[in-house]
file input30.cif (mmCIF, C-alpha atoms and all ligand atoms)
data_my_file
loop_
_atom_site.label_atom_id
_atom_site.label_comp_id
_atom_site.auth_asym_id
_atom_site.auth_seq_id
_atom_site.Cartn_x
_atom_site.Cartn_y
_atom_site.Cartn_z
CA MET A 1296 0.00 0.00 0.00
CA ASN A 1297 1.17 3.53 -0.74
CA ILE A 1298 0.89 5.84 2.26
CA LEU A 1299 0.78 9.63 2.37
CA LEU A 1300 1.92 11.24 5.61
CA LEU A 1301 1.14 14.93 6.18
CA GLY A 1302 3.41 17.23 8.17
CA SER A 1303 7.00 18.38 8.45
CA GLY A 1304 8.24 18.06 12.02
CA GLY A 1305 10.13 15.66 14.25
CA ARG A 1306 6.85 13.88 14.90
CA GLU A 1307 6.48 13.16 11.19
CA ASN A 1308 10.09 11.99 10.93
CA ALA A 1309 9.36 9.50 13.72
CA PHE A 1310 6.13 8.40 11.97
CA ALA A 1311 7.99 8.00 8.68
CA TRP A 1312 10.71 5.91 10.36
CA LYS A 1313 8.15 3.65 12.02
CA MET A 1314 5.76 3.28 9.09
CA ALA A 1315 8.55 2.57 6.59
CA GLN A 1316 9.30 -0.59 8.63
CA SER A 1317 5.80 -1.96 8.07
CA LYS A 1318 5.13 -4.94 5.87
CA HIS A 1319 2.12 -3.01 4.56
CA CYS A 1320 4.09 -0.01 3.36
CA SER A 1321 5.26 -0.16 -0.24
CA GLN A 1322 5.86 3.51 -0.92
CA LEU A 1323 5.74 6.31 1.61
CA PHE A 1324 5.20 9.94 0.62
CA ILE A 1325 5.56 12.83 3.05
CA ALA A 1326 3.98 16.21 2.36
CA PRO A 1327 5.89 18.42 2.77
CA GLY A 1328 8.35 16.49 4.99
CA ASN A 1329 11.83 17.68 5.98
CA GLY A 1330 15.51 16.85 5.51
CA GLY A 1331 15.10 13.65 7.54
CA THR A 1332 11.80 12.25 6.29
CA ALA A 1333 13.36 11.85 2.85
CA ASN A 1334 15.42 8.97 4.31
CA PHE A 1335 12.23 6.94 4.66
CA GLY A 1336 10.15 7.98 1.68
CA LYS A 1337 9.66 10.66 -0.92
CA ASN A 1338 9.04 14.25 0.10
CA VAL A 1339 6.29 15.98 -1.86
CA ALA A 1340 6.16 19.78 -1.99
CA LEU A 1341 2.53 20.16 -0.94
CA LYS A 1342 1.08 22.06 1.98
CA ALA A 1343 -0.83 19.86 4.43
CA THR A 1344 -3.77 22.30 4.24
CA ASP A 1345 -3.99 22.38 0.43
CA PHE A 1346 -6.74 19.73 0.32
CA LYS A 1347 -7.33 19.88 -3.42
CA SER A 1348 -3.69 19.23 -4.30
CA ILE A 1349 -3.46 16.50 -1.67
CA GLY A 1350 -6.59 14.81 -3.02
CA ASP A 1351 -5.27 14.99 -6.61
CA PHE A 1352 -1.90 13.61 -5.49
CA ALA A 1353 -3.59 10.76 -3.61
CA LEU A 1354 -5.53 9.70 -6.70
CA LYS A 1355 -2.58 9.98 -9.03
CA ASN A 1356 -0.27 7.98 -6.76
CA LYS A 1357 -2.78 5.30 -5.71
CA ILE A 1358 -2.54 6.26 -2.05
CA GLY A 1359 -4.14 3.65 0.22
CA MET A 1360 -4.01 5.63 3.46
CA VAL A 1361 -3.49 9.24 4.55
CA VAL A 1362 -1.95 9.78 7.98
CA VAL A 1363 -2.33 13.31 9.31
CA GLY A 1364 0.45 14.55 11.65
CA PRO A 1365 -0.55 18.09 12.70
CA GLU A 1366 -3.91 19.41 13.91
CA GLU A 1367 -4.47 22.20 11.41
CA PRO A 1368 -5.61 20.08 8.42
CA LEU A 1369 -7.90 18.11 10.75
CA VAL A 1370 -9.50 21.17 12.32
CA LYS A 1371 -9.94 22.59 8.79
CA GLY A 1372 -11.62 19.36 7.69
CA ILE A 1373 -9.29 17.27 5.53
CA HIS A 1374 -11.04 14.07 6.57
CA ASP A 1375 -14.44 15.56 5.65
CA TYR A 1376 -12.98 16.71 2.32
CA PHE A 1377 -11.99 13.14 1.45
CA LEU A 1378 -15.35 11.74 2.57
CA ALA A 1379 -17.25 14.27 0.48
CA ASP A 1380 -15.50 13.30 -2.75
CA GLU A 1381 -16.71 10.15 -4.53
CA ARG A 1382 -13.22 9.34 -5.80
CA LEU A 1383 -11.48 9.93 -2.46
CA LYS A 1384 -13.92 8.61 0.08
CA SER A 1385 -12.58 5.05 0.00
CA ILE A 1386 -9.10 6.25 1.01
CA PRO A 1387 -8.89 6.03 4.81
CA VAL A 1388 -7.73 9.16 6.61
CA ILE A 1389 -6.15 8.66 10.04
CA GLY A 1390 -7.29 11.63 12.10
CA PRO A 1391 -10.80 12.77 13.08
CA GLN A 1392 -13.31 14.67 11.01
CA LYS A 1393 -13.98 18.32 11.77
CA ALA A 1394 -16.55 17.48 14.45
CA GLY A 1395 -14.07 15.38 16.45
CA ALA A 1396 -11.20 17.78 15.79
CA GLN A 1397 -13.16 20.36 17.82
CA LEU A 1398 -11.75 18.60 20.89
CA GLU A 1399 -8.56 20.50 20.06
CA GLY A 1400 -9.94 23.27 17.83
CA SER A 1401 -12.23 24.72 20.50
CA LYS A 1402 -11.40 24.80 24.21
CA ASP A 1403 -15.03 25.69 24.95
CA PHE A 1404 -16.22 22.62 23.04
CA SER A 1405 -13.76 20.34 24.81
CA LYS A 1406 -14.62 21.70 28.28
CA ASP A 1407 -18.32 21.29 27.51
CA PHE A 1408 -17.64 17.74 26.29
CA MET A 1409 -15.80 16.87 29.51
CA GLN A 1410 -18.51 18.35 31.68
CA ARG A 1411 -21.22 16.51 29.73
CA HIS A 1412 -19.46 13.19 30.18
CA GLN A 1413 -18.21 13.72 33.75
CA ILE A 1414 -14.55 13.64 32.80
CA PRO A 1415 -12.39 15.23 35.53
CA THR A 1416 -11.08 18.65 34.52
CA ALA A 1417 -10.61 22.11 36.06
CA ALA A 1418 -13.78 24.11 36.82
CA TYR A 1419 -14.44 26.75 34.15
CA ARG A 1420 -16.71 29.29 32.50
CA SER A 1421 -16.62 30.74 28.99
CA PHE A 1422 -17.09 34.36 27.98
CA THR A 1423 -17.43 36.35 24.74
CA LYS A 1424 -17.19 40.04 23.84
CA GLU A 1425 -20.87 40.38 24.71
CA THR A 1426 -20.34 38.96 28.20
CA LEU A 1427 -17.00 40.70 28.91
CA GLN A 1428 -18.36 42.69 31.86
CA GLU A 1429 -19.68 39.50 33.43
CA GLY A 1430 -16.29 37.89 32.85
CA LEU A 1431 -14.44 40.74 34.57
CA LYS A 1432 -16.75 40.37 37.55
CA TYR A 1433 -16.42 36.59 37.57
CA LEU A 1434 -12.65 36.99 37.85
CA GLU A 1435 -13.07 39.00 41.08
CA ASN A 1436 -14.33 35.92 42.89
CA GLN A 1437 -11.78 33.41 41.63
CA SER A 1438 -8.71 32.20 43.47
CA LEU A 1439 -5.30 32.96 42.01
CA PRO A 1440 -3.47 32.12 39.87
CA ILE A 1441 -6.20 31.82 37.25
CA VAL A 1442 -5.96 30.43 33.72
CA LEU A 1443 -7.27 32.21 30.60
CA LYS A 1444 -7.52 30.23 27.38
CA ALA A 1445 -8.31 31.49 23.91
CA ASP A 1446 -11.00 29.18 22.54
CA GLY A 1447 -9.44 28.53 19.14
CA LEU A 1448 -6.05 27.46 17.81
CA ALA A 1449 -3.45 30.09 18.68
CA ALA A 1450 -0.19 28.36 17.75
CA GLY A 1451 0.35 27.20 21.33
CA LYS A 1452 0.29 30.78 22.66
CA GLY A 1453 -3.35 31.10 23.69
CA VAL A 1454 -3.03 30.03 27.33
CA LEU A 1455 -2.22 32.64 29.97
CA ILE A 1456 -1.64 31.95 33.63
CA CYS A 1457 -2.36 35.16 35.54
CA GLU A 1458 -0.96 35.73 39.00
CA ASN A 1459 -3.15 38.68 40.03
CA LEU A 1460 -6.61 40.08 39.37
CA ALA A 1461 -5.50 43.22 37.53
CA GLU A 1462 -3.43 41.17 35.08
CA ALA A 1463 -6.24 38.67 34.54
CA GLN A 1464 -8.78 41.42 33.87
CA ALA A 1465 -6.43 43.25 31.49
CA GLU A 1466 -5.73 40.03 29.57
CA LEU A 1467 -9.41 39.08 29.38
CA LYS A 1468 -10.13 42.51 27.91
CA ALA A 1469 -7.21 42.24 25.47
CA MET A 1470 -8.43 38.86 24.27
CA LEU A 1471 -12.13 39.63 23.96
CA ALA A 1472 -12.25 43.34 23.15
CA ASP A 1473 -8.92 43.80 21.30
CA ALA A 1474 -8.70 40.38 19.60
CA LYS A 1475 -5.27 39.64 21.11
CA PHE A 1476 -5.27 36.22 19.41
CA GLY A 1477 -7.50 37.23 16.50
CA GLU A 1478 -10.49 34.99 15.88
CA ALA A 1479 -9.10 32.42 18.30
CA SER A 1480 -9.92 34.66 21.26
CA GLU A 1481 -13.47 35.61 20.28
CA LYS A 1482 -14.38 33.27 23.09
CA VAL A 1483 -12.28 32.77 26.24
CA VAL A 1484 -12.36 29.94 28.75
CA ILE A 1485 -11.54 31.02 32.31
CA GLU A 1486 -10.32 28.01 34.22
CA GLU A 1487 -9.26 27.07 37.72
CA PHE A 1488 -5.48 26.62 38.12
CA LEU A 1489 -4.49 23.02 38.82
CA SER A 1490 -1.30 22.30 40.67
CA GLY A 1491 0.54 19.05 39.95
CA ILE A 1492 2.85 17.27 37.52
CA GLU A 1493 1.86 17.10 33.86
CA LEU A 1494 2.06 14.15 31.56
CA SER A 1495 0.61 13.10 28.22
CA VAL A 1496 -1.36 9.96 27.52
CA PHE A 1497 -2.00 8.86 23.94
CA VAL A 1498 -4.91 6.82 22.68
CA LEU A 1499 -5.46 5.31 19.27
CA THR A 1500 -9.11 4.61 18.47
CA ASP A 1501 -11.29 3.36 15.63
CA GLY A 1502 -14.29 4.98 17.32
CA HIS A 1503 -15.24 1.80 19.18
CA SER A 1504 -12.23 0.20 20.78
CA TYR A 1505 -8.92 1.75 21.69
CA LYS A 1506 -5.28 1.09 22.50
CA ILE A 1507 -3.52 3.16 25.14
CA LEU A 1508 -0.07 3.96 23.77
CA PRO A 1509 2.95 4.57 26.00
CA GLU A 1510 2.60 7.74 28.06
CA ALA A 1511 5.21 10.50 27.99
CA LYS A 1512 6.36 13.60 29.80
CA ASP A 1513 7.13 16.72 27.80
CA TYR A 1514 9.58 19.45 28.86
CA LYS A 1515 7.99 22.67 27.65
CA ARG A 1516 10.20 25.45 28.99
CA ILE A 1517 13.30 26.64 27.15
CA GLY A 1518 15.55 26.76 30.22
CA GLU A 1519 16.99 24.07 32.45
CA GLY A 1520 15.05 23.45 35.66
CA ASP A 1521 11.82 24.31 33.76
CA THR A 1522 12.53 28.03 33.54
CA GLY A 1523 11.99 30.68 30.87
CA LEU A 1524 9.61 30.83 27.93
CA ASN A 1525 7.29 28.09 26.77
CA THR A 1526 8.33 26.20 23.63
CA GLY A 1527 6.77 23.50 21.48
CA GLY A 1528 8.67 21.02 23.66
CA MET A 1529 12.37 20.65 24.45
CA GLY A 1530 12.42 16.94 25.18
CA SER A 1531 10.38 14.01 26.37
CA VAL A 1532 10.59 10.82 28.36
CA SER A 1533 8.57 7.59 28.18
CA PRO A 1534 7.57 5.79 30.38
CA VAL A 1535 6.78 8.29 33.14
CA SER A 1536 7.81 6.72 36.42
CA PHE A 1537 5.28 8.52 38.66
CA ALA A 1538 2.38 7.47 36.44
CA GLN A 1539 2.20 3.70 36.56
CA GLY A 1540 -0.19 1.08 37.94
CA ASP A 1541 -3.00 2.67 39.89
CA PHE A 1542 -2.65 6.06 38.29
CA LEU A 1543 -2.85 4.70 34.74
CA LYS A 1544 -5.84 2.61 35.77
CA LYS A 1545 -7.57 5.77 36.97
CA VAL A 1546 -6.71 7.46 33.66
CA GLU A 1547 -8.29 4.60 31.73
CA GLU A 1548 -11.43 4.32 33.86
CA ARG A 1549 -12.10 8.00 34.51
CA ILE A 1550 -10.85 9.55 31.29
CA VAL A 1551 -10.15 7.22 28.35
CA VAL A 1552 -13.33 5.12 28.56
CA PRO A 1553 -15.68 8.10 29.13
CA THR A 1554 -13.97 9.96 26.28
CA ILE A 1555 -14.51 7.15 23.76
CA GLU A 1556 -18.04 6.51 25.07
CA GLY A 1557 -18.77 10.25 25.07
CA LEU A 1558 -17.79 10.56 21.42
CA LYS A 1559 -20.10 7.66 20.62
CA LYS A 1560 -23.00 9.11 22.62
CA ASP A 1561 -22.54 12.46 20.90
CA GLN A 1562 -22.42 10.63 17.55
CA ILE A 1563 -19.01 12.04 16.73
CA PRO A 1564 -17.11 9.55 14.58
CA TYR A 1565 -13.45 9.40 15.56
CA LYS A 1566 -10.66 7.50 13.84
CA GLY A 1567 -7.25 8.55 14.94
CA PHE A 1568 -5.09 9.60 17.85
CA ILE A 1569 -6.26 11.37 20.98
CA PHE A 1570 -3.56 13.11 22.97
CA ILE A 1571 -4.72 13.72 26.51
CA GLY A 1572 -2.75 16.35 28.41
CA LEU A 1573 -3.12 15.46 32.08
CA MET A 1574 -2.30 16.93 35.43
CA ASN A 1575 -1.55 14.50 38.25
CA VAL A 1576 -3.11 16.27 41.23
CA ASN A 1577 -2.20 14.29 44.36
CA GLY A 1578 -2.52 10.99 42.51
CA ASP A 1579 -5.72 11.86 40.62
CA PRO A 1580 -5.72 12.64 36.89
CA TYR A 1581 -7.39 15.79 35.50
CA VAL A 1582 -7.59 16.67 31.82
CA ILE A 1583 -5.78 19.89 30.93
CA GLU A 1584 -6.45 19.57 27.22
CA TYR A 1585 -7.22 17.24 24.38
CA ASN A 1586 -5.28 17.25 21.14
CA VAL A 1587 -6.45 15.31 18.11
CA ARG A 1588 -2.97 14.21 17.01
CA MET A 1589 0.22 12.89 18.53
CA GLY A 1590 2.51 15.23 20.46
CA ASP A 1591 5.84 16.57 19.34
CA PRO A 1592 8.39 15.69 20.80
CA GLU A 1593 6.38 13.00 22.65
CA THR A 1594 5.99 10.95 19.46
CA GLU A 1595 9.75 10.67 19.19
CA SER A 1596 9.77 8.91 22.59
CA VAL A 1597 6.50 7.00 22.19
CA LEU A 1598 6.89 5.36 18.77
CA PRO A 1599 10.29 3.79 19.53
CA ARG A 1600 8.55 1.96 22.41
CA ILE A 1601 5.86 0.46 20.18
CA GLU A 1602 6.99 -2.95 18.96
CA SER A 1603 3.91 -3.76 16.88
CA ASP A 1604 3.55 -2.81 13.23
CA LEU A 1605 2.11 0.72 13.33
CA VAL A 1606 0.49 0.50 9.89
CA GLU A 1607 -1.22 -2.73 10.94
CA LEU A 1608 -2.72 -0.81 13.88
CA LEU A 1609 -3.74 2.08 11.61
CA LEU A 1610 -5.42 -0.41 9.27
CA GLY A 1611 -7.33 -1.61 12.32
CA VAL A 1612 -8.45 2.00 12.85
CA ALA A 1613 -9.51 2.35 9.22
CA GLN A 1614 -11.35 -0.98 9.15
CA GLU A 1615 -12.78 -0.61 12.64
CA ASN A 1616 -11.23 -3.82 13.91
CA LEU A 1617 -8.51 -2.31 16.09
CA GLN A 1618 -9.61 -4.59 18.91
CA GLU A 1619 -8.29 -7.63 17.02
CA LYS A 1620 -4.83 -6.17 16.50
CA GLU A 1621 -1.87 -7.21 18.57
CA PHE A 1622 -0.32 -4.35 20.50
CA LYS A 1623 3.12 -4.81 22.03
CA THR A 1624 5.24 -2.21 23.73
CA SER A 1625 8.79 -2.23 25.01
CA THR A 1626 9.61 -1.92 28.71
CA LYS A 1627 12.69 0.11 27.81
CA THR A 1628 12.92 3.84 28.44
CA ALA A 1629 13.06 6.41 25.65
CA VAL A 1630 14.53 9.85 26.23
CA THR A 1631 14.29 12.53 23.54
CA VAL A 1632 16.42 15.67 23.58
CA MET A 1633 15.43 18.46 21.19
CA LEU A 1634 18.19 20.54 19.59
CA VAL A 1635 16.91 24.02 18.80
CA ALA A 1636 18.12 27.14 16.99
CA GLY A 1637 19.84 29.90 18.98
CA GLY A 1638 17.19 32.45 20.01
CA TYR A 1639 14.26 30.01 19.87
CA PRO A 1640 11.41 30.38 20.92
CA GLY A 1641 12.05 34.04 20.01
CA ALA A 1642 13.57 35.14 16.70
CA TYR A 1643 16.14 32.73 15.26
CA GLU A 1644 18.12 32.22 12.08
CA LYS A 1645 17.77 29.42 9.57
CA GLY A 1646 20.15 27.95 6.99
CA LYS A 1647 22.99 26.93 9.35
CA PRO A 1648 24.92 23.93 7.99
CA MET A 1649 24.90 20.97 10.36
CA SER A 1650 27.59 18.42 11.13
CA GLY A 1651 28.31 15.44 13.35
CA MET A 1652 25.17 13.37 12.78
CA GLU A 1653 27.34 10.47 11.68
CA ASN A 1654 28.97 10.46 15.13
CA VAL A 1655 25.75 9.70 17.01
CA ARG A 1656 26.28 6.31 18.70
CA HIS A 1657 23.43 5.22 20.90
CA SER A 1658 20.44 7.18 19.62
CA MET A 1659 18.07 7.72 16.74
CA VAL A 1660 18.11 11.07 15.01
CA PHE A 1661 14.76 12.53 13.93
CA HIS A 1662 14.86 15.73 11.91
CA ALA A 1663 12.40 18.43 12.99
CA GLY A 1664 13.35 21.66 11.25
CA THR A 1665 15.95 20.83 8.61
CA GLU A 1666 16.25 20.95 4.86
CA ASN A 1667 18.49 19.19 2.42
CA ASP A 1668 20.13 21.96 0.40
CA ASN A 1669 21.83 20.12 -2.48
CA GLY A 1670 23.20 17.44 -0.21
CA VAL A 1671 24.00 19.75 2.72
CA ILE A 1672 21.65 19.42 5.72
CA LYS A 1673 20.85 22.89 7.04
CA THR A 1674 18.70 24.18 9.87
CA ASN A 1675 15.24 25.27 8.74
CA GLY A 1676 13.20 25.84 11.91
CA GLY A 1677 13.23 26.62 15.62
CA ARG A 1678 13.23 23.01 16.70
CA VAL A 1679 15.90 21.39 14.55
CA ILE A 1680 16.67 17.80 15.57
CA ALA A 1681 15.25 15.31 18.06
CA VAL A 1682 17.74 12.81 19.43
CA THR A 1683 16.08 9.76 20.99
CA SER A 1684 17.85 7.07 22.96
CA LEU A 1685 16.06 3.83 23.89
CA GLN A 1686 17.82 2.05 26.74
CA ASP A 1687 17.15 -0.47 29.51
CA ASN A 1688 16.65 2.22 32.12
CA LEU A 1689 16.09 5.95 32.49
CA PHE A 1690 19.61 6.72 33.69
CA ASP A 1691 21.24 5.12 30.64
CA ALA A 1692 18.73 6.67 28.23
CA VAL A 1693 19.37 10.14 29.67
CA GLN A 1694 23.15 9.72 29.48
CA CYS A 1695 23.10 8.42 25.91
CA ALA A 1696 20.63 10.99 24.57
CA ILE A 1697 22.53 13.91 26.10
CA ALA A 1698 25.91 12.62 24.89
CA ASP A 1699 24.59 12.09 21.37
CA ALA A 1700 22.85 15.48 21.31
CA GLY A 1701 26.28 16.99 21.98
CA ARG A 1702 27.73 15.22 18.95
CA ILE A 1703 25.56 17.19 16.51
CA TYR A 1704 26.65 20.72 15.83
CA TYR A 1705 25.50 23.90 14.08
CA ASP A 1706 25.95 27.59 14.78
CA GLY A 1707 23.71 28.61 17.71
CA ARG A 1708 22.83 25.05 18.72
CA TYR A 1709 21.10 24.76 22.10
CA PHE A 1710 19.55 21.89 24.03
CA ARG A 1711 18.49 21.24 27.61
CA SER A 1712 20.82 18.83 29.33
CA ASP A 1713 18.39 18.14 32.19
CA ILE A 1714 15.72 16.20 30.27
CA GLY A 1715 14.59 13.36 32.58
CA ALA A 1716 16.68 14.62 35.53
CA ASP A 1717 13.56 15.35 37.61
CA LEU A 1718 12.31 11.78 37.10
CA LEU A 1719 15.68 10.35 38.13
CA LYS A 1720 15.28 12.18 41.43
CA ILE A 1721 11.79 10.74 41.92
CA ASN A 1722 12.98 7.19 41.18
P1 LIG A 1801 -2.78 24.02 26.80
O1 LIG A 1801 -2.56 24.82 25.55
O2 LIG A 1801 -4.21 23.85 27.20
O3 LIG A 1801 -1.98 22.75 26.81
O4 LIG A 1801 -2.07 24.83 27.97
C1 LIG A 1801 -0.71 25.11 27.94
C2 LIG A 1801 -0.10 24.85 29.27
O5 LIG A 1801 -0.68 25.70 30.25
C3 LIG A 1801 -0.34 23.45 29.79
O6 LIG A 1801 0.57 22.53 29.28
C4 LIG A 1801 -0.16 23.67 31.28
O7 LIG A 1801 1.20 23.68 31.61
C5 LIG A 1801 -0.73 25.01 31.49
N1 LIG A 1801 -2.12 24.92 31.93
C6 LIG A 1801 -3.22 24.86 31.14
N2 LIG A 1801 -4.34 24.75 31.88
C7 LIG A 1801 -3.95 24.75 33.16
C8 LIG A 1801 -4.64 24.65 34.41
N3 LIG A 1801 -5.97 24.58 34.48
N4 LIG A 1801 -3.92 24.67 35.53
C9 LIG A 1801 -2.56 24.76 35.48
N5 LIG A 1801 -1.85 24.87 34.34
C10 LIG A 1801 -2.53 24.85 33.20
N1 LIG A 1802 4.47 18.73 22.92
C1 LIG A 1802 3.19 19.27 23.01
C2 LIG A 1802 2.37 19.19 21.80
O1 LIG A 1802 2.69 18.51 20.85
O2 LIG A 1802 1.34 19.84 21.77
#

call {"tool": "encode", "arguments": {"input": "input30.cif", "output": "structure tokens", "more": "lines below"}}
Ligand code: AMP
Ligand code: GLY
result
Amino acid sequence: MNILLLGSGGRENAFAWKMAQSKHCSQLFIAPGNGGTANFGKNVALKATDFKSIGDFALKNKIGMVVVGPEEPLVKGIHDYFLADERLKSIPVIGPQKAGAQLEGSKDFSKDFMQRHQIPTAAYRSFTKETLQEGLKYLENQSLPIVLKADGLAAGKGVLICENLAEAQAELKAMLADAKFGEASEKVVIEEFLSGIELSVFVLTDGHSYKILPEAKDYKRIGEGDTGLNTGGMGSVSPVSFAQGDFLKKVEERIVVPTIEGLKKDQIPYKGFIFIGLMNVNGDPYVIEYNVRMGDPETESVLPRIESDLVELLLGVAQENLQEKEFKTSTKTAVTVMLVAGGYPGAYEKGKPMSGMENVRHSMVFHAGTENDNGVIKTNGGRVIAVTSLQDNLFDAVQCAIADAGRIYYDGRYFRSDIGADLLKIN
């Protein structure tokens, strides 16, 4: 079967690596891909949101499955586009239709969904421009800090944690009255602040049954010791030592099952990944957010721990017989260290030639923001390379990933050398 993978990050490089190993994969195409995905298939210069060109390409190249990496094409309705076209509707798309993608595309929708299905999450209320005055008043009676979330997609920037009332009121006004995040902040969710440790749980579902994939912890801040600005993710670890046994059982019973059942009750078809961002509050899981895709860099730690054929599982999703598929995971630990461009997550330069990848010894190298410029691999994004080491234990995986990250070089290179260090202390 020919497979078309959409996206261009480290997540897609990890998907390409894993899917290319499948007995079901004859030719893999990645649109648009990056300097690393080309090692596992053919990059195609198409934007993941250009549905018409993607549909035409799929027909011309006898694509048997489309796997969607990022959220944007899903929220914009790529799956619906395929289903609405007589010639395309028999090509399975892995990723929900627009209705299901609202779990990520609208915070208000996802909070309402959780409330409707009694899924534990922070208490909240939503406000619009019309109810701004009410919102400002509501803030007066909330405990601090308080969380403000733009309803729509805001490139990961739409969540503000406000430490005092004046700041919260000013931000609410900026979002609702002055369109701080454009359309995305036409509605704002005001949410109780939850204190705990975060982790991500991933579910693959065909809409009926599900497989819980390995969980992971993401390191979001740019600086060591979790300091400084938020990023797309500076590293990840799987498994997460504080989230085993009882805790994972609670996640399944209180969150995963009601989520799948809730989608069914609401008659929302869902074929794809659900990424559940969780807060562990004194041993109890609360949902911080849903995403309708895999995480990045979590995927780079999660997929190396899946021993089963990923395409076989995705076929189970497409054919709604996921339940029958074997699902095996490794007990080893994966640690991913993200190499970023100097200046990221602020302004940064691109086009820096890279060296040393051939010296990596104990890790896999997934390209995130790179391009192949006539045979020379150059930086082409803020997050540049994900180095993942899969070892028998966390200590070894941390040591190997950090050592190998140091073997890759380009002007301005930066990475956090404390990925996983907090979990080593807990162990
Ligand atoms: P989100 O875009 O919903 O993932 O939010 C971004 C980040 O803000 C999360 O990863 C958390 O670190 C933080 N956050 C979001 N909601 C809350 C909350 N209710 N309490 C504490 N932190 C939160
Ligand atoms: N690493 C967080 C995300 O993919 O949203």

call {"tool": "residues_around", "arguments": {"input": "input30.cif", "residues": "Val1612 of chain A", "least_positions_apart": "2", "cutoff": "10 Å", "atoms": "all atoms listed in the file", "output": "number ranges by chain"}}
result
A: 1387-1390, 1499-1505, 1565-1568, 1606-1610, 1614-1618, 1620

call {"tool": "closest_atom_pairs", "arguments": {"input": "input30.cif", "of": "chain A", "to": "ligand LIG 1802 (chain A)", "cutoff": "10 Å", "atoms": "all atoms listed in the file", "output": "Markdown table"}}
result
| residue | atom | partner | partner_atom | distance |
| --- | --- | --- | --- | --- |
| A:Arg1306 | CA | A:LIG1802 | O1 | 8.6 |
| A:Pro1365 | CA | A:LIG1802 | O1 | 8.8 |
| A:Glu1366 | CA | A:LIG1802 | O2 | 9.5 |
| A:Ala1450 | CA | A:LIG1802 | O2 | 9.5 |
| A:Gly1451 | CA | A:LIG1802 | O2 | 7.4 |
| A:Ser1495 | CA | A:LIG1802 | C1 | 8.5 |
| A:Ala1511 | CA | A:LIG1802 | N1 | 9.7 |
| A:Lys1512 | CA | A:LIG1802 | N1 | 8.8 |
| A:Asp1513 | CA | A:LIG1802 | N1 | 5.9 |
| A:Tyr1514 | CA | A:LIG1802 | N1 | 7.9 |
| A:Lys1515 | CA | A:LIG1802 | N1 | 7.1 |
| A:Thr1526 | CA | A:LIG1802 | N1 | 8.4 |
| A:Gly1527 | CA | A:LIG1802 | N1 | 5.5 |
| A:Gly1528 | CA | A:LIG1802 | N1 | 4.8 |
| A:Met1529 | CA | A:LIG1802 | N1 | 8.3 |
| A:Gly1530 | CA | A:LIG1802 | N1 | 8.5 |
| A:Ser1531 | CA | A:LIG1802 | N1 | 8.3 |
| A:Phe1570 | CA | A:LIG1802 | O2 | 8.4 |
| A:Ile1571 | CA | A:LIG1802 | O2 | 9.8 |
| A:Gly1572 | CA | A:LIG1802 | C1 | 8.5 |
| A:Glu1584 | CA | A:LIG1802 | O2 | 9.5 |
| A:Tyr1585 | CA | A:LIG1802 | O2 | 9.3 |
| A:Asn1586 | CA | A:LIG1802 | O2 | 7.1 |
| A:Val1587 | CA | A:LIG1802 | O2 | 9.7 |
| A:Arg1588 | CA | A:LIG1802 | O1 | 8.1 |
| A:Met1589 | CA | A:LIG1802 | O1 | 6.6 |
| A:Gly1590 | CA | A:LIG1802 | O1 | 3.3 |
| A:Asp1591 | CA | A:LIG1802 | O1 | 4.0 |
| A:Pro1592 | CA | A:LIG1802 | N1 | 5.4 |
| A:Glu1593 | CA | A:LIG1802 | N1 | 6.0 |
| A:Thr1594 | CA | A:LIG1802 | O1 | 8.4 |

call {"tool": "atom_distance", "arguments": {"input": "input30.cif", "atom1": "atom CA of Ile1507 of chain A", "atom2": "atom CA of Leu1494 of chain A"}}
result
13.9 Å

call {"tool": "axis_aligned_box", "arguments": {"input": "input30.cif", "around": "ligand LIG 1801 (chain A)", "padding_each_side": "6 Å", "output": "JSON"}}
result
{"center_x": -2.4, "center_y": 24.1, "center_z": 30.5, "size_x": 19.2, "size_y": 15.2, "size_z": 22.0}

call {"tool": "closest_residue", "arguments": {"input": "input30.cif", "among": "A:Thr1683, A:Asn1577, A:Gln1413, A:Ser1625", "to": "Phe1661 of chain A", "atoms": "only C-alpha atoms"}}
result
A:Thr1683

call {"tool": "residues_around", "arguments": {"input": "input30.cif", "residues": "segment 1629-1637 of chain A", "least_positions_apart": "6", "cutoff": "9 Å", "atoms": "only C-alpha atoms", "output": "VMD selection string"}}
result
chain A and resid 1528 to 1534 1592 to 1593 1595 to 1597 1599 to 1600 1643 to 1645 1663 to 1664 1674 to 1689 1692 to 1693 1695 to 1697 1700 1703 1705 to 1712 1714 to 1715

call {"tool": "closest_atom_pairs", "arguments": {"input": "input30.cif", "of": "chain A", "to": "ligand LIG 1801 (chain A)", "cutoff": "6 Å", "atoms": "all atoms listed in the file", "output": "JSON lines"}}
result
{"residue": "A:Ala1417", "atom": "CA", "partner": "A:LIG1801", "partner_atom": "N3", "distance": 5.5}
{"residue": "A:Val1442", "atom": "CA", "partner": "A:LIG1801", "partner_atom": "N3", "distance": 5.9}
{"residue": "A:Gly1451", "atom": "CA", "partner": "A:LIG1801", "partner_atom": "O1", "distance": 5.7}
{"residue": "A:Val1454", "atom": "CA", "partner": "A:LIG1801", "partner_atom": "O4", "distance": 5.3}
{"residue": "A:Glu1486", "atom": "CA", "partner": "A:LIG1801", "partner_atom": "N3", "distance": 5.5}
{"residue": "A:Glu1487", "atom": "CA", "partner": "A:LIG1801", "partner_atom": "N3", "distance": 5.2}
{"residue": "A:Phe1488", "atom": "CA", "partner": "A:LIG1801", "partner_atom": "N4", "distance": 3.6}
{"residue": "A:Leu1489", "atom": "CA", "partner": "A:LIG1801", "partner_atom": "N4", "distance": 3.7}
{"residue": "A:Ser1490", "atom": "CA", "partner": "A:LIG1801", "partner_atom": "C9", "distance": 5.9}
{"residue": "A:Ile1583", "atom": "CA", "partner": "A:LIG1801", "partner_atom": "N2", "distance": 5.2}
{"residue": "A:Glu1584", "atom": "CA", "partner": "A:LIG1801", "partner_atom": "O2", "distance": 4.8}
